[in-house]
>>> print(open('model-v9.csv').read())   # CSV, C-alpha atoms
chain,number,residue,atom,x,y,z
A,1,MET,CA,14.5,19.0,-6.4
A,2,HIS,CA,16.6,20.3,-3.5
A,3,VAL,CA,15.0,19.7,-0.1
A,4,THR,CA,15.6,22.5,2.4
A,5,PRO,CA,14.2,22.4,6.0
A,6,GLU,CA,11.5,24.7,4.8
A,7,ASN,CA,10.2,22.6,2.0
A,8,ALA,CA,10.7,19.5,4.1
A,9,VAL,CA,8.0,20.9,6.3
A,10,TYR,CA,5.7,21.4,3.3
A,11,LEU,CA,6.4,17.9,2.1
A,12,PHE,CA,5.6,16.5,5.6
A,13,ALA,CA,2.4,18.5,5.6
A,14,ILE,CA,1.4,17.2,2.1
A,15,GLY,CA,2.1,13.6,3.3
A,16,ALA,CA,0.0,14.2,6.4
A,17,GLY,CA,-2.9,15.6,4.4
A,18,SER,CA,-2.8,12.6,2.1
A,19,GLY,CA,-2.6,10.3,5.1
A,20,ILE,CA,-5.6,12.0,6.7
A,21,ALA,CA,-7.7,11.9,3.5
A,22,GLY,CA,-6.7,8.3,2.9
A,23,ALA,CA,-7.7,7.2,6.4
A,24,ILE,CA,-11.0,9.0,6.2
A,25,LEU,CA,-11.9,7.8,2.8
A,26,GLY,CA,-10.4,4.3,3.0
A,27,THR,CA,-7.9,4.7,0.2
A,28,GLY,CA,-4.1,4.5,0.2
A,29,GLY,CA,-3.8,8.3,-0.3
A,30,GLY,CA,-1.7,7.9,-3.5
A,31,VAL,CA,-4.5,9.4,-5.6
A,32,PHE,CA,-4.1,12.7,-3.6
A,33,LEU,CA,-0.3,12.6,-3.1
A,34,ILE,CA,0.9,12.1,-6.7
A,35,PRO,CA,-1.0,15.1,-8.2
A,36,VAL,CA,0.3,17.4,-5.5
A,37,LEU,CA,3.9,16.2,-5.9
A,38,VAL,CA,3.6,16.6,-9.7
A,39,LEU,CA,1.5,19.8,-10.0
A,40,VAL,CA,2.6,21.7,-6.9
A,41,PHE,CA,6.2,20.5,-6.3
A,42,GLY,CA,7.1,19.9,-10.0
A,43,LEU,CA,8.4,16.4,-9.2
A,44,PRO,CA,8.8,14.2,-12.3
A,45,MET,CA,5.9,11.7,-12.6
A,46,HIS,CA,8.2,8.6,-12.1
A,47,LEU,CA,9.7,10.1,-8.9
A,48,ALA,CA,6.2,10.9,-7.6
A,49,VAL,CA,5.1,7.3,-8.3
A,50,GLY,CA,8.2,6.0,-6.5
A,51,THR,CA,7.5,8.1,-3.5
A,52,SER,CA,3.8,7.1,-3.4
A,53,ILE,CA,4.6,3.4,-3.6
A,54,LEU,CA,6.7,3.7,-0.4
A,55,CYS,CA,3.9,5.6,1.3
A,56,VAL,CA,1.5,2.8,0.3
A,57,ILE,CA,3.8,0.3,2.0
A,58,ALA,CA,4.0,2.4,5.2
A,59,THR,CA,0.2,2.9,5.5
A,60,SER,CA,-0.7,-0.6,4.6
A,61,SER,CA,1.8,-2.0,7.2
A,62,ALA,CA,0.4,0.3,9.9
A,63,VAL,CA,-3.2,-0.5,9.2
A,64,ALA,CA,-2.7,-4.2,8.5
A,65,SER,CA,-0.9,-4.7,11.7
A,66,VAL,CA,-4.1,-3.7,13.5
A,67,ASN,CA,-6.5,-5.5,11.2
A,68,VAL,CA,-4.8,-8.9,11.4
A,69,GLU,CA,-4.8,-8.8,15.2
A,70,ARG,CA,-8.5,-8.0,15.2
A,71,GLY,CA,-9.1,-10.9,12.7
A,72,THR,CA,-10.9,-8.7,10.1
A,73,ALA,CA,-8.3,-9.2,7.4
A,74,ASN,CA,-8.6,-12.7,5.7
A,75,MET,CA,-4.9,-13.7,5.5
A,76,ARG,CA,-5.5,-16.9,3.4
A,77,LEU,CA,-7.6,-15.1,0.8
A,78,GLY,CA,-5.2,-12.1,0.8
A,79,MET,CA,-2.1,-14.3,0.3
A,80,THR,CA,-3.8,-16.2,-2.6
A,81,LEU,CA,-4.7,-13.0,-4.4
A,82,GLU,CA,-1.2,-11.6,-3.8
A,83,ILE,CA,0.1,-13.9,-6.5
A,84,GLY,CA,-2.0,-11.9,-8.9
A,85,THR,CA,-1.3,-8.5,-7.5
A,86,SER,CA,2.5,-9.2,-7.3
A,87,LEU,CA,2.6,-10.4,-10.9
A,88,GLY,CA,0.7,-7.3,-11.9
A,89,ALA,CA,2.8,-4.9,-9.9
A,90,ILE,CA,6.1,-6.3,-11.3
A,91,SER,CA,4.6,-6.0,-14.8
A,92,GLY,CA,3.5,-2.4,-14.1
A,93,GLY,CA,6.8,-1.5,-12.5
A,94,LEU,CA,8.7,-2.8,-15.5
A,95,LEU,CA,6.3,-1.1,-18.0
A,96,ALA,CA,6.6,2.2,-16.3
A,97,ALA,CA,10.4,2.4,-17.2
A,98,TRP,CA,9.4,2.4,-20.9
A,99,MET,CA,6.7,5.0,-20.6
A,100,SER,CA,7.3,8.7,-20.9
A,101,ALA,CA,6.2,11.0,-18.0
A,102,PRO,CA,3.4,12.7,-20.1
A,103,PHE,CA,2.0,9.3,-21.1
A,104,LEU,CA,2.1,8.1,-17.5
A,105,GLU,CA,0.4,11.3,-16.4
A,106,THR,CA,-2.3,10.7,-19.0
A,107,VAL,CA,-2.9,7.2,-17.8
A,108,PHE,CA,-3.0,8.4,-14.2
A,109,ALA,CA,-5.5,11.1,-15.0
A,110,VAL,CA,-7.7,8.6,-16.9
A,111,VAL,CA,-7.7,6.2,-13.9
A,112,LEU,CA,-8.6,9.1,-11.6
A,113,LEU,CA,-12.0,9.5,-13.5
A,114,PRO,CA,-13.5,6.1,-12.4
A,115,THR,CA,-11.9,6.5,-9.0
A,116,ALA,CA,-13.7,9.8,-8.6
A,117,ALA,CA,-17.0,8.2,-9.8
A,118,LEU,CA,-16.6,5.3,-7.3
A,119,MET,CA,-15.8,7.8,-4.5
A,120,TRP,CA,-18.9,9.9,-5.5
A,121,ARG,CA,-21.1,6.9,-5.1
A,122,GLY,CA,-19.4,6.0,-1.7
A,123,ARG,CA,-17.6,2.9,-0.8
A,124,THR,CA,-20.6,1.2,0.9
A,125,GLU,CA,-23.0,2.0,-1.9
A,126,SER,CA,-20.6,0.9,-4.6
A,127,ALA,CA,-20.3,-2.4,-2.8
A,128,GLN,CA,-24.0,-3.0,-2.1
A,129,GLY,CA,-25.8,-6.0,-3.4
A,130,SER,CA,-23.5,-8.8,-2.2
A,131,GLY,CA,-21.3,-9.7,0.6
A,132,VAL,CA,-23.9,-12.2,1.8
A,133,PRO,CA,-22.6,-14.0,4.9
A,134,ALA,CA,-22.9,-17.8,4.9
A,135,PRO,CA,-25.4,-19.2,7.3
A,136,GLU,CA,-23.7,-20.3,10.5
A,137,ALA,CA,-24.3,-24.0,9.8
A,138,GLU,CA,-22.4,-23.8,6.6
A,139,SER,CA,-18.7,-24.3,6.4
A,140,THR,CA,-16.5,-21.3,5.4
A,141,GLY,CA,-14.7,-23.4,2.8
A,142,VAL,CA,-11.0,-23.2,2.3
A,143,LEU,CA,-10.8,-19.4,1.8
A,144,GLY,CA,-13.8,-18.2,3.8
A,145,ALA,CA,-13.5,-16.9,7.3
A,146,LYS,CA,-15.3,-15.4,10.3
A,147,PHE,CA,-14.9,-12.2,12.2
A,148,ASN,CA,-16.6,-10.1,14.9
A,149,ASP,CA,-18.4,-7.1,13.4
A,150,PRO,CA,-18.7,-4.5,16.2
A,151,GLN,CA,-21.3,-2.5,14.1
A,152,LEU,CA,-23.5,-5.5,13.6
A,153,GLY,CA,-22.7,-6.8,17.1
A,154,CYS,CA,-22.3,-10.4,15.9
A,155,GLU,CA,-19.9,-12.8,14.3
A,156,VAL,CA,-20.0,-12.7,10.5
A,157,ILE,CA,-19.2,-16.0,8.7
A,158,TYR,CA,-18.7,-16.0,4.9
A,159,ARG,CA,-17.6,-18.2,2.0
A,160,VAL,CA,-15.5,-16.9,-0.9
A,161,GLN,CA,-17.1,-17.3,-4.4
A,162,ARG,CA,-15.7,-16.8,-7.9
A,163,LEU,CA,-12.0,-16.7,-6.9
A,164,TRP,CA,-11.0,-16.3,-10.6
A,165,ALA,CA,-12.8,-12.9,-10.7
A,166,GLY,CA,-10.9,-11.7,-7.5
A,167,PHE,CA,-7.7,-13.0,-9.1
A,168,GLY,CA,-8.3,-11.0,-12.3
A,169,ILE,CA,-9.2,-7.8,-10.5
A,170,SER,CA,-6.1,-8.3,-8.2
A,171,PHE,CA,-3.9,-8.6,-11.3
A,172,ILE,CA,-5.3,-5.4,-12.8
A,173,ALA,CA,-5.0,-3.6,-9.4
A,174,GLY,CA,-1.4,-4.8,-9.2
A,175,ILE,CA,-0.6,-3.3,-12.7
A,176,MET,CA,-2.1,0.0,-11.6
A,177,SER,CA,-0.1,-0.1,-8.4
A,178,GLY,CA,3.2,-0.8,-10.2
A,179,LEU,CA,2.5,1.7,-12.9
A,180,LEU,CA,0.8,4.6,-11.0
A,181,GLY,CA,1.8,4.1,-7.4
A,182,ILE,CA,-1.8,3.8,-6.1
A,183,GLY,CA,-3.1,1.0,-3.8
A,184,GLY,CA,-6.0,0.2,-6.0
A,185,GLY,CA,-8.3,-0.5,-3.0
A,186,VAL,CA,-11.0,1.7,-4.5
A,187,PHE,CA,-11.5,-0.9,-7.3
A,188,LYS,CA,-10.5,-4.0,-5.3
A,189,VAL,CA,-12.9,-3.6,-2.4
A,190,PRO,CA,-16.1,-3.4,-4.5
A,191,ALA,CA,-14.9,-6.3,-6.6
A,192,LEU,CA,-14.2,-8.5,-3.6
A,193,VAL,CA,-17.7,-7.7,-2.3
A,194,LEU,CA,-19.6,-7.9,-5.5
A,195,PHE,CA,-17.9,-10.9,-7.2
A,196,CYS,CA,-16.4,-12.9,-4.3
A,197,GLY,CA,-19.1,-12.4,-1.7
A,198,VAL,CA,-16.7,-11.0,0.9
A,199,PRO,CA,-18.4,-8.7,3.5
A,200,ILE,CA,-17.3,-5.1,3.1
A,201,ARG,CA,-15.4,-4.8,6.4
A,202,ALA,CA,-13.4,-8.0,5.6
A,203,ALA,CA,-12.9,-6.9,2.0
A,204,ALA,CA,-11.5,-3.5,3.0
A,205,ALA,CA,-9.2,-5.0,5.6
A,206,THR,CA,-8.0,-7.8,3.2
A,207,SER,CA,-7.4,-5.3,0.4
A,208,ASN,CA,-5.3,-3.2,2.8
A,209,PHE,CA,-3.5,-6.3,4.0
A,210,MET,CA,-2.6,-7.0,0.3
A,211,ILE,CA,-1.5,-3.6,-0.9
A,212,GLY,CA,1.8,-3.5,1.1
A,213,VAL,CA,3.1,-6.6,-0.6
A,214,THR,CA,1.8,-5.4,-4.0
A,215,ALA,CA,3.6,-2.1,-3.5
A,216,ALA,CA,6.8,-3.9,-2.3
A,217,ALA,CA,6.8,-6.0,-5.5
A,218,SER,CA,7.3,-2.8,-7.6
A,219,ALA,CA,9.2,-0.7,-5.0
A,220,PHE,CA,12.5,-2.5,-5.6
A,221,LEU,CA,12.3,-1.7,-9.4
A,222,TYR,CA,11.7,2.0,-8.7
A,223,PHE,CA,14.5,2.0,-6.0
A,224,GLY,CA,17.0,0.3,-8.3
A,225,ARG,CA,16.3,2.9,-11.1
A,226,GLY,CA,16.9,5.8,-8.7
A,227,GLU,CA,13.3,6.8,-8.8
A,228,VAL,CA,12.9,6.8,-5.0
A,229,GLN,CA,14.6,10.0,-3.8
A,230,PRO,CA,15.5,9.3,-0.1
A,231,LEU,CA,15.0,12.6,1.5
A,232,ILE,CA,11.8,13.5,-0.3
A,233,THR,CA,10.4,10.0,0.3
A,234,ALA,CA,11.4,9.9,4.0
A,235,THR,CA,9.7,13.3,4.7
A,236,VAL,CA,6.5,12.3,2.9
A,237,VAL,CA,6.4,8.8,4.4
A,238,LEU,CA,6.7,10.2,7.9
A,239,GLY,CA,4.0,12.7,7.1
A,240,VAL,CA,1.7,10.0,5.7
A,241,LEU,CA,2.2,7.9,8.8
A,242,ALA,CA,1.3,10.8,11.1
A,243,GLY,CA,-1.7,11.7,8.9
A,244,SER,CA,-3.0,8.1,8.9
A,245,ALA,CA,-2.8,8.0,12.7
A,246,ILE,CA,-4.7,11.3,12.9
A,247,GLY,CA,-7.2,10.3,10.2
A,248,SER,CA,-8.1,7.0,11.7
A,249,ASN,CA,-8.9,8.7,15.0
A,250,VAL,CA,-11.0,11.5,13.5
A,251,ASN,CA,-12.8,9.6,10.7
A,252,ARG,CA,-15.7,8.7,13.0
A,253,PHE,CA,-16.4,12.4,13.5
A,254,VAL,CA,-15.8,13.8,10.0
A,255,GLY,CA,-16.7,10.9,7.6
A,256,GLY,CA,-19.8,11.1,5.4
A,257,ARG,CA,-21.2,11.5,2.0
A,258,ILE,CA,-20.5,15.2,1.7
A,259,LEU,CA,-16.8,14.7,2.4
A,260,GLU,CA,-16.7,11.8,-0.1
A,261,ARG,CA,-18.4,13.8,-2.8
A,262,THR,CA,-16.1,16.9,-2.1
A,263,PHE,CA,-13.0,14.7,-2.6
A,264,ALA,CA,-14.6,13.1,-5.7
A,265,LEU,CA,-15.0,16.5,-7.2
A,266,LEU,CA,-11.5,17.4,-6.2
A,267,LEU,CA,-10.1,14.3,-7.9
A,268,LEU,CA,-12.1,15.1,-11.1
A,269,ALA,CA,-10.6,18.6,-11.1
A,270,VAL,CA,-7.1,17.2,-10.6
A,271,ALA,CA,-7.6,14.7,-13.4
A,272,LEU,CA,-8.7,17.5,-15.8
A,273,GLU,CA,-5.8,19.7,-14.7
A,274,MET,CA,-3.3,16.9,-15.4
A,275,LEU,CA,-4.9,16.2,-18.8
A,276,ILE,CA,-4.7,19.9,-19.7
A,277,ARG,CA,-1.1,20.0,-18.6
A,278,VAL,CA,-0.2,17.1,-20.8
A,279,VAL,CA,-2.0,18.6,-23.8
A,280,ARG,CA,-0.3,21.9,-23.3
A,281,SER,CA,3.2,20.3,-22.9
B,1,MET,CA,-4.5,-13.0,27.0
B,2,ALA,CA,-2.2,-15.1,24.7
B,3,PRO,CA,-3.6,-15.9,21.3
B,4,ARG,CA,-4.9,-19.5,21.1
B,5,THR,CA,-6.1,-20.5,17.6
B,6,ILE,CA,-3.9,-20.8,14.6
B,7,ASN,CA,-5.3,-17.7,13.1
B,8,GLU,CA,-4.8,-15.7,16.3
B,9,ARG,CA,-1.2,-16.9,16.6
B,10,LEU,CA,-0.4,-16.1,13.0
B,11,GLY,CA,-2.2,-12.7,13.3
B,12,TRP,CA,-0.2,-11.8,16.4
B,13,ALA,CA,3.1,-12.8,14.6
B,14,VAL,CA,2.2,-10.7,11.6
B,15,HIS,CA,1.2,-7.8,13.8
B,16,VAL,CA,4.6,-8.0,15.6
B,17,SER,CA,6.6,-8.3,12.4
B,18,LEU,CA,4.9,-5.4,10.7
B,19,LEU,CA,5.2,-3.1,13.7
B,20,THR,CA,8.9,-4.0,14.2
B,21,GLY,CA,9.6,-3.2,10.5
B,22,LEU,CA,7.7,0.1,10.8
B,23,VAL,CA,9.4,1.2,14.0
B,24,ILE,CA,12.9,0.4,12.8
B,25,SER,CA,12.4,2.0,9.4
B,26,GLY,CA,10.7,5.0,10.9
B,27,ALA,CA,13.5,5.6,13.3
B,28,LEU,CA,16.1,5.4,10.5
B,29,LEU,CA,14.1,7.7,8.3
B,30,ILE,CA,13.8,10.3,11.1
B,31,LEU,CA,17.6,10.0,11.9
B,32,GLY,CA,18.7,10.1,8.3
B,33,ALA,CA,16.4,13.0,7.4
B,34,THR,CA,17.6,15.0,10.4
B,35,LEU,CA,21.3,14.4,9.5
B,36,ARG,CA,20.8,15.3,5.9
B,37,LEU,CA,18.8,18.5,6.6
B,38,ALA,CA,21.3,19.5,9.4
B,39,SER,CA,24.3,19.1,7.1
B,40,HIS,CA,22.8,21.4,4.4
B,41,GLU,CA,24.3,19.1,1.9
B,42,VAL,CA,23.1,19.6,-1.7
B,43,ARG,CA,23.4,16.1,-3.0
B,44,PRO,CA,22.4,15.3,-6.6
B,45,GLU,CA,20.1,12.4,-6.3
B,46,GLN,CA,21.2,9.4,-8.3
B,47,ARG,CA,20.9,5.6,-8.4
B,48,PRO,CA,21.5,4.2,-4.9
B,49,PRO,CA,24.7,2.2,-4.3
B,50,GLY,CA,24.6,-1.5,-3.6
B,51,VAL,CA,23.1,-2.8,-0.3
B,52,ARG,CA,26.5,-3.7,1.2
B,53,THR,CA,27.7,-0.1,0.5
B,54,ILE,CA,24.5,1.4,2.0
B,55,VAL,CA,24.9,-0.7,5.2
B,56,LEU,CA,28.6,0.2,5.6
B,57,GLN,CA,28.1,3.9,5.0
B,58,ALA,CA,25.1,3.9,7.4
B,59,MET,CA,27.2,2.4,10.1
B,60,HIS,CA,29.6,5.4,9.7
B,61,GLY,CA,26.7,7.8,10.2
B,62,ASN,CA,26.2,8.9,6.6
B,63,GLY,CA,22.7,10.6,6.5
B,64,SER,CA,21.9,9.5,2.9
B,65,ALA,CA,22.9,5.9,3.6
B,66,ILE,CA,20.8,5.8,6.8
B,67,LEU,CA,17.9,7.1,4.7
B,68,ASN,CA,18.4,4.4,2.0
B,69,LEU,CA,18.7,1.8,4.8
B,70,GLY,CA,15.4,3.0,6.3
B,71,ILE,CA,13.7,2.8,2.9
B,72,LEU,CA,15.1,-0.7,2.3
B,73,ILE,CA,13.8,-1.9,5.6
B,74,LEU,CA,10.4,-0.3,4.9
B,75,MET,CA,10.3,-2.3,1.5
B,76,LEU,CA,11.4,-5.5,3.3
B,77,THR,CA,8.6,-5.1,6.0
B,78,PRO,CA,5.8,-6.7,3.9
B,79,ILE,CA,8.2,-9.4,2.7
B,80,LEU,CA,9.0,-10.2,6.3
B,81,ARG,CA,5.2,-10.6,6.8
B,82,VAL,CA,5.0,-13.1,3.9
B,83,LEU,CA,7.9,-15.0,5.3
B,84,VAL,CA,6.3,-15.2,8.8
B,85,LEU,CA,3.1,-16.5,7.3
B,86,ALA,CA,5.0,-19.1,5.1
B,87,ILE,CA,6.8,-20.4,8.2
B,88,GLY,CA,3.6,-20.3,10.3
B,89,TRP,CA,1.6,-22.3,7.7
B,90,LEU,CA,4.5,-24.8,7.3
B,91,LEU,CA,4.6,-25.4,11.0
B,92,GLU,CA,0.9,-25.9,11.0
B,93,LYS,CA,1.2,-28.3,8.1
B,94,GLU,CA,-1.1,-26.1,5.9
B,95,TRP,CA,0.8,-27.1,2.8
B,96,ARG,CA,-1.4,-25.3,0.3
B,97,PHE,CA,-1.1,-21.9,1.9
B,98,ALA,CA,2.6,-22.4,2.7
B,99,ALA,CA,3.2,-23.1,-1.0
B,100,ILE,CA,1.2,-20.0,-2.0
B,101,ALA,CA,3.2,-17.9,0.4
B,102,LEU,CA,6.5,-19.3,-1.0
B,103,CYS,CA,5.3,-18.4,-4.5
B,104,VAL,CA,4.6,-14.8,-3.4
B,105,LEU,CA,8.1,-14.8,-1.8
B,106,ALA,CA,9.7,-16.0,-5.0
B,107,LEU,CA,7.9,-13.2,-7.0
B,108,LEU,CA,9.1,-10.6,-4.4
B,109,ALA,CA,12.7,-12.0,-4.5
B,110,THR,CA,12.6,-11.7,-8.3
B,111,SER,CA,11.6,-8.1,-8.1
B,112,ALA,CA,14.3,-7.4,-5.4
B,113,ILE,CA,17.0,-9.0,-7.6
B,114,LEU,CA,15.8,-7.1,-10.7
B,115,GLY,CA,15.8,-3.9,-8.7
B,116,THR,CA,18.9,-4.1,-6.6
B,117,GLY,CA,20.9,-7.0,-8.0
>>> encode(input="model-v9.csv", output="structure tokens")
Amino acid sequence: MHVTPENAVYLFAIGAGSGIAGAILGTGGGVFLIPVLVLVFGLPMHLAVGTSILCVIATSSAVASVNVERGTANMRLGMTLEIGTSLGAISGGLLAAWMSAPFLETVFAVVLLPTAALMWRGRTESAQGSGVPAPEAESTGVLGAKFNDPQLGCEVIYRVQRLWAGFGISFIAGIMSGLLGIGGGVFKVPALVLFCGVPIRAAAATSNFMIGVTAAASAFLYFGRGEVQPLITATVVLGVLAGSAIGSNVNRFVGGRILERTFALLLLAVALEMLIRVVRS
Amino acid sequence: MAPRTINERLGWAVHVSLLTGLVISGALLILGATLRLASHEVRPEQRPPGVRTIVLQAMHGNGSAILNLGILILMLTPILRVLVLAIGWLLEKEWRFAAIALCVLALLATSAILGTG
């Protein structure tokens, strides 16, 4: 694909749109970006994944830099689980080289279906039922932590349970990241809350903290294979960064169930479109 | 106010390392993209050259090399964050987490060597 100044503007706008959607819905934005690059711009699937992985690194670094300073992201838990996500991402990145574009598109479309279902339910509702903070008298354990929750207006203290489950989910999320260029937060956040007992704010911040390293683990493989096209990637990354900044400022005004459900339906339609495209080809 | 606890100090160091990586890579991406678009150069995209070649060409103002350098620095930004935490935990004698961070670094180094080596 030859990038002219005109379609550079379109690519920037697509990146910005994905960044806004990602910031509002709490995802990395890859689930929106990849279908547009493939279906609208005709980019081969592997190049779209390579571009998306770089966007995930950019958004994760921008958001994590704020979350670690606020103390919401649990760095010890995140680093421990990064062993699983990095292993998964390297496996996914290596596997992707052996997969044909139609097969990869099919896997992506199939993964979009549960993503749409989780988005339809809403992140908070999907993660309800756990995330019980430890009583103040209890120790946080080696991996637990405490942070100030401005919505609750108090300090939340929690312990981490069932680390093995978090590790397993992280490994699977890593494979999906390396294979499909998505952050995988839509699966990881509910799992951290439901299985490991991490409060949802800390789970979301820790997941975001992790996805930059996860994406970096496979980014080198895509870069080395020539599947990161510099000009396309630069334009989209800059758009995503601008969109994330806008989205994180407007999400308090426009967030809500209707928006989540609209995007969920959109993802469902995109998944079906990609499946139809694969069948036709 | 300066951060006081171990977590606050590490959080601040990670914050600075991530922002530094983002600012440098962002500036290079903007510069490289501007040069490439202004040159109206139709360049068939291919496998990138080695890191040394990229750095040398970037220093001579080559738009594509500057873009590749920006992308490399963006990919290195999360790795810098892992390195900062590994050093921080080593200095704080938190051996368990320092060892975990070094394991993650080893995995990332493996991927970097597989990709660009």
>>> closest_residue(input="model-v9.csv", among="B:Ala106, B:Ala33, B:Ile87, B:Leu28", to="chain A", atoms="only C-alpha atoms")
B:Ala33
>>> interface_residues(input="model-v9.csv", of="chain A", to="chain B", cutoff="8 Å", atoms="only C-alpha atoms", output="JSON, numbers by chain")
{"A": [2, 3, 4, 5, 54, 57, 58, 61, 62, 64, 65, 66, 68, 69, 71, 76, 79, 80, 82, 83, 86, 87, 90, 212, 213, 216, 217, 218, 219, 220, 221, 222, 223, 224, 225, 226, 227, 229, 230, 231, 234, 235, 238]}
>>> residues_around(input="model-v9.csv", residues="range 112-120 of chain A", least_positions_apart="4", cutoff="10 Å", atoms="all atoms listed in the file", output="MDAnalysis selection string")
chainID A and resid 25:27 31:32 106:108 124:127 184:187 190 257:272
>>> atom_distance(input="model-v9.csv", atom1="CA of Ser170 in chain A", atom2="CA of Ile24 in chain A")
23.0 Å
>>> atom_distance(input="model-v9.csv", atom1="CA of Leu83 in chain B", atom2="CA of Ala215 in chain A")
16.2 Å
>>> residues_around(input="model-v9.csv", residues="Val236 in chain A", least_positions_apart="4", cutoff="7 Å", atoms="all atoms listed in the file", output="PDB file with C-alpha atoms, keeping the file's coordinate frame")
ATOM      1  CA  LEU A  11       6.400  17.900   2.100  1.00  0.00           C
ATOM      2  CA  PHE A  12       5.600  16.500   5.600  1.00  0.00           C
ATOM      3  CA  GLY A  15       2.100  13.600   3.300  1.00  0.00           C
ATOM      4  CA  ILE A 232      11.800  13.500  -0.300  1.00  0.00           C
ATOM      5  CA  VAL A 240       1.700  10.000   5.700  1.00  0.00           C
TER       6      VAL A 240
END
>>> atom_distance(input="model-v9.csv", atom1="CA of Trp98 in chain A", atom2="CA of Ile53 in chain A")
18.0 Å
>>> residues_around(input="model-v9.csv", residues="Glu105 in chain A", least_positions_apart="5", cutoff="9 Å", atoms="only C-alpha atoms", output="list in words")
Met45, Ser100, Val110, Leu180, Met274, Leu275 and Val278 of chain A
>>> build_atoms(input="model-v9.csv", residues="range 4-20 of chain B", atoms="N, CA and C atoms", output="CSV table (one decimal), keeping the file's coordinate frame")
chain,number,residue,atom,x,y,z
B,4,ARG,N,-4.8,-18.1,20.9
B,4,ARG,CA,-4.9,-19.5,21.1
B,4,ARG,C,-5.0,-20.2,19.7
B,5,THR,N,-5.9,-19.8,18.8
B,5,THR,CA,-6.1,-20.5,17.6
B,5,THR,C,-5.0,-20.2,16.6
B,6,ILE,N,-4.9,-21.0,15.6
B,6,ILE,CA,-3.9,-20.8,14.6
B,6,ILE,C,-3.9,-19.4,14.0
B,7,ASN,N,-5.1,-19.0,13.6
B,7,ASN,CA,-5.3,-17.7,13.1
B,7,ASN,C,-4.8,-16.6,14.0
B,8,GLU,N,-5.2,-16.7,15.3
B,8,GLU,CA,-4.8,-15.7,16.3
B,8,GLU,C,-3.3,-15.7,16.4
B,9,ARG,N,-2.7,-16.8,16.5
B,9,ARG,CA,-1.2,-16.9,16.6
B,9,ARG,C,-0.5,-16.3,15.4
B,10,LEU,N,-1.0,-16.6,14.2
B,10,LEU,CA,-0.4,-16.1,13.0
B,10,LEU,C,-0.7,-14.5,12.9
B,11,GLY,N,-1.9,-14.1,13.3
B,11,GLY,CA,-2.2,-12.7,13.3
B,11,GLY,C,-1.3,-11.9,14.2
B,12,TRP,N,-1.1,-12.5,15.4
B,12,TRP,CA,-0.2,-11.8,16.4
B,12,TRP,C,1.3,-11.7,15.8
B,13,ALA,N,1.7,-12.8,15.2
B,13,ALA,CA,3.1,-12.8,14.6
B,13,ALA,C,3.2,-11.8,13.5
B,14,VAL,N,2.2,-11.7,12.7
B,14,VAL,CA,2.2,-10.7,11.6
B,14,VAL,C,2.2,-9.3,12.1
B,15,HIS,N,1.3,-9.1,13.2
B,15,HIS,CA,1.2,-7.8,13.8
B,15,HIS,C,2.6,-7.4,14.4
B,16,VAL,N,3.3,-8.3,15.0
B,16,VAL,CA,4.6,-8.0,15.6
B,16,VAL,C,5.6,-7.7,14.5
B,17,SER,N,5.6,-8.5,13.4
B,17,SER,CA,6.6,-8.3,12.4
B,17,SER,C,6.4,-7.0,11.6
B,18,LEU,N,5.1,-6.6,11.4
B,18,LEU,CA,4.9,-5.4,10.7
B,18,LEU,C,5.3,-4.2,11.6
B,19,LEU,N,4.9,-4.2,12.8
B,19,LEU,CA,5.2,-3.1,13.7
B,19,LEU,C,6.7,-3.0,13.9
B,20,THR,N,7.4,-4.1,14.0
B,20,THR,CA,8.9,-4.0,14.2
B,20,THR,C,9.5,-3.4,12.9
